[in-house]
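Worksheet: the structure to be examined is printed underneath.
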Amino acid sequence: MKTILLCATILAVACAIGWKQHQQLAGINRDNALLKASLRQIESIKQRRAKMSAASVSTNDLQRLRAEHLELMRMRAEIGRLHEAQKIDLPQIQKEVEAIEAQAAVTKQRGNDLTALREADIQSGRMVQAFAAFMHGIVFPLAASNGRKFPTSRAEIEMLMNALPPEKRARLAVVDLDRSFALFEFIPYERRLTLDDPPMLLLREKSPRPMPDGGFARYYGFSDKHVEEARVPTANFANWESEHRPQTKP
């Protein structure tokens with residue numbers, strides 16, 4: 001009896017477990033069916049949205065797409081031009097540029113040299129005018145009125161001018177003595193020069209003038225009234241003066 005009761009109990013439990021598993025399996029199958037339906041619905045929505053997006057682009061953004069296409073074509077053309085430019089001989093172009101720059105520098109330097117020469121010529125012209133005015137307006141007239149003896153200093157010139165008649169002194173006074181003695185000086189000798197001496201160095205420009213070529217220039221006045229511009233490589237005119245002095249002392 002006990003055995004029958006135990007078997008019945010086991011059979012009942014087994015049936016209950018089987019029924020429970022059947023119920024769970026049926027629930028799982030329903031959930032799977034619902035999930036598949038949802039996935040199909042989502043995919044359908046995605047496809048419809050994609051179609052709607054494509055339709056929207058073709059309708060609303062056509063003008064923008066055309067502009068982008070034109071810009072793309074322009075960029076392709078620019079790339080082609082750059083490729084062609086890369087074929088140019090850059091070293092040769094650089095040489096040509098350097099040659100042009102060198103020629104420009106030479107031209108500029110020539111212009112500067114011409115300007116410097118012109119300025120030097122202007123200064124030289126003004127200097128010789130002042131020299132001639134001093135010599136012919138002061139020194140030689142006073143020598144003629146002083147026993148044919150040349151003056152040797154500013155003090156002596158002023159003394160000789162004061163001894164002249166007023167009208168003659170007025171004619172000599174037009175020469176600016178301050179400027180003349182700022183520019184020129186008498187060349188010293190052991191004795192006073194006269195109008196009767198052979199041509200001698202009488203006056204000189206005080207300061208040598210630098211020239212554009214790197215040398216120096218200086219005006220000299222001779223006792224025979226002529227003026228000469230000396231030019232030497234350095235500011236030392238001692239050799240030039242020695243060559244133009246007489247061999248015997250006056």
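Identifiers in this document derive from the order of the structure tokens: chains are assigned A, B, ..., residues are numbered from 1 separately in each chain, and ligands are numbered from 1 in order of occurrence.
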
DSSP on the backbone, then: every residue of range 102-177 of chain A marked alpha helix (DSSP H), written as a ChimeraX atom specification.
-> /A:102-134,140-144,154-162,166-172,177

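Shell of Phe222 in chain A at 8 Å, with only C-alpha atoms counted and residues fewer than 6 places along the chain excluded, is Pro199, Met200, Leu201, Leu202 and Leu203 of chain A.
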
Selected residues written out, N, CA and C atoms, as a PDB file, in the first residue's frame:
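File produced: selection_25.pdb:
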ATOM      1  N   PRO A 199     105.753 131.508 -61.476  1.00  0.00           N
ATOM      2  CA  PRO A 199     104.550 130.899 -60.881  1.00  0.00           C
ATOM      3  C   PRO A 199     104.893 130.063 -59.654  1.00  0.00           C
ATOM      4  N   MET A 200     104.270 130.413 -58.537  1.00  0.00           N
ATOM      5  CA  MET A 200     104.529 129.755 -57.264  1.00  0.00           C
ATOM      6  C   MET A 200     103.194 129.383 -56.603  1.00  0.00           C
ATOM      7  N   LEU A 201     103.230 128.329 -55.792  1.00  0.00           N
ATOM      8  CA  LEU A 201     102.059 128.012 -54.975  1.00  0.00           C
ATOM      9  C   LEU A 201     101.855 129.127 -53.956  1.00  0.00           C
ATOM     10  N   LEU A 202     100.688 129.739 -53.982  1.00  0.00           N
ATOM     11  CA  LEU A 202     100.430 130.881 -53.123  1.00  0.00           C
ATOM     12  C   LEU A 202      99.381 130.576 -52.045  1.00  0.00           C
ATOM     13  N   LEU A 203      98.273 129.991 -52.458  1.00  0.00           N
ATOM     14  CA  LEU A 203      97.164 129.675 -51.555  1.00  0.00           C
ATOM     15  C   LEU A 203      96.735 128.220 -51.751  1.00  0.00           C
TER      16      LEU A 203
END

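Within range 94-193 of chain A, the backbone-based DSSP assignment of strand (DSSP E or B) covers Lys149, Phe184, Glu185 and Phe186 of chain A.
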
Pro210 in chain A surroundings by only C-alpha atoms, 12 Å radius, close-in-sequence under 2 positions cut, as a ChimeraX atom specification | /A:116-117,119-121,123-124,207-208,212-218,230-236

Could you write out that same residue set with N, CA and C atoms as a short mmCIF file (atom, residue, chain, number, x, y, z; two decimals), in the first residue's frame?
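So the final result, stored in out_1.cif, reads:
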data_model
loop_
_atom_site.label_atom_id
_atom_site.label_comp_id
_atom_site.auth_asym_id
_atom_site.auth_seq_id
_atom_site.Cartn_x
_atom_site.Cartn_y
_atom_site.Cartn_z
N ALA A 116 76.70 111.08 -56.45
CA ALA A 116 77.86 111.53 -55.69
C ALA A 116 78.80 112.36 -56.56
N LEU A 117 79.00 111.93 -57.80
CA LEU A 117 79.86 112.70 -58.70
C LEU A 117 79.28 114.08 -58.98
N GLU A 119 77.25 115.79 -57.06
CA GLU A 119 77.40 116.61 -55.86
C GLU A 119 78.84 117.09 -55.68
N ALA A 120 79.79 116.19 -55.99
CA ALA A 120 81.21 116.58 -55.89
C ALA A 120 81.54 117.67 -56.89
N ASP A 121 80.99 117.58 -58.10
CA ASP A 121 81.23 118.61 -59.11
C ASP A 121 80.63 119.95 -58.68
N GLN A 123 80.12 120.95 -55.58
CA GLN A 123 80.95 121.47 -54.50
C GLN A 123 82.27 122.03 -55.04
N SER A 124 82.84 121.33 -56.01
CA SER A 124 84.09 121.80 -56.61
C SER A 124 83.88 123.13 -57.32
N SER A 207 91.11 122.33 -46.12
CA SER A 207 90.81 120.91 -45.85
C SER A 207 90.61 120.16 -47.15
N PRO A 208 91.33 119.06 -47.36
CA PRO A 208 91.09 118.24 -48.56
C PRO A 208 89.65 117.73 -48.58
N PRO A 212 84.15 110.82 -54.51
CA PRO A 212 83.40 109.55 -54.60
C PRO A 212 84.27 108.33 -54.91
N ASP A 213 85.40 108.53 -55.59
CA ASP A 213 86.26 107.39 -55.93
C ASP A 213 87.19 106.98 -54.79
N GLY A 214 87.07 107.66 -53.64
CA GLY A 214 87.91 107.32 -52.50
C GLY A 214 89.13 108.21 -52.35
N GLY A 215 89.45 109.02 -53.36
CA GLY A 215 90.58 109.93 -53.28
C GLY A 215 90.19 111.25 -52.62
N PHE A 216 91.10 112.21 -52.74
CA PHE A 216 90.89 113.52 -52.14
C PHE A 216 91.27 114.61 -53.14
N ALA A 217 90.63 115.78 -53.01
CA ALA A 217 90.87 116.91 -53.90
C ALA A 217 91.15 118.15 -53.08
N ARG A 218 91.91 119.07 -53.72
CA ARG A 218 92.27 120.32 -53.03
C ARG A 218 92.63 121.37 -54.06
N ALA A 230 94.13 119.80 -57.32
CA ALA A 230 94.98 118.61 -57.18
C ALA A 230 94.14 117.46 -56.66
N ARG A 231 94.41 116.25 -57.18
CA ARG A 231 93.72 115.05 -56.72
C ARG A 231 94.75 113.96 -56.44
N VAL A 232 94.66 113.39 -55.23
CA VAL A 232 95.61 112.35 -54.81
C VAL A 232 94.83 111.23 -54.12
N PRO A 233 95.44 110.04 -54.00
CA PRO A 233 94.72 108.90 -53.40
C PRO A 233 94.43 109.07 -51.92
N THR A 234 95.29 109.81 -51.19
CA THR A 234 95.10 109.99 -49.75
C THR A 234 94.97 111.48 -49.45
N ALA A 235 94.75 111.77 -48.17
CA ALA A 235 94.59 113.17 -47.77
C ALA A 235 95.94 113.88 -47.59
N ASN A 236 97.04 113.22 -47.91
CA ASN A 236 98.37 113.82 -47.78
C ASN A 236 98.79 114.40 -49.12
#

For CA of Glu158 in chain A and CA of Gly221 in chain A, the interatomic separation in Å (one decimal) | 20.2 Å

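Closest approach to Ser180 in chain A among A:Met159, A:Ala77, A:Ile138, A:Ile122: A:Ile138, based on only C-alpha atoms.
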
Out of A:Val106, A:Ala143, A:Ala132, A:Ala173, which residue has the shortest atom-to-atom distance to Asp196 in chain A when counting only C-alpha atoms?
-> A:Ala143

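Our summary of the geometry notes that CA of Asp224 in chain A is positioned 11.1 Å from CA of Leu193 in chain A.
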
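Going from CA of Leu164 in chain A over to CA of Pro141 in chain A, you cover 10.7 Å.
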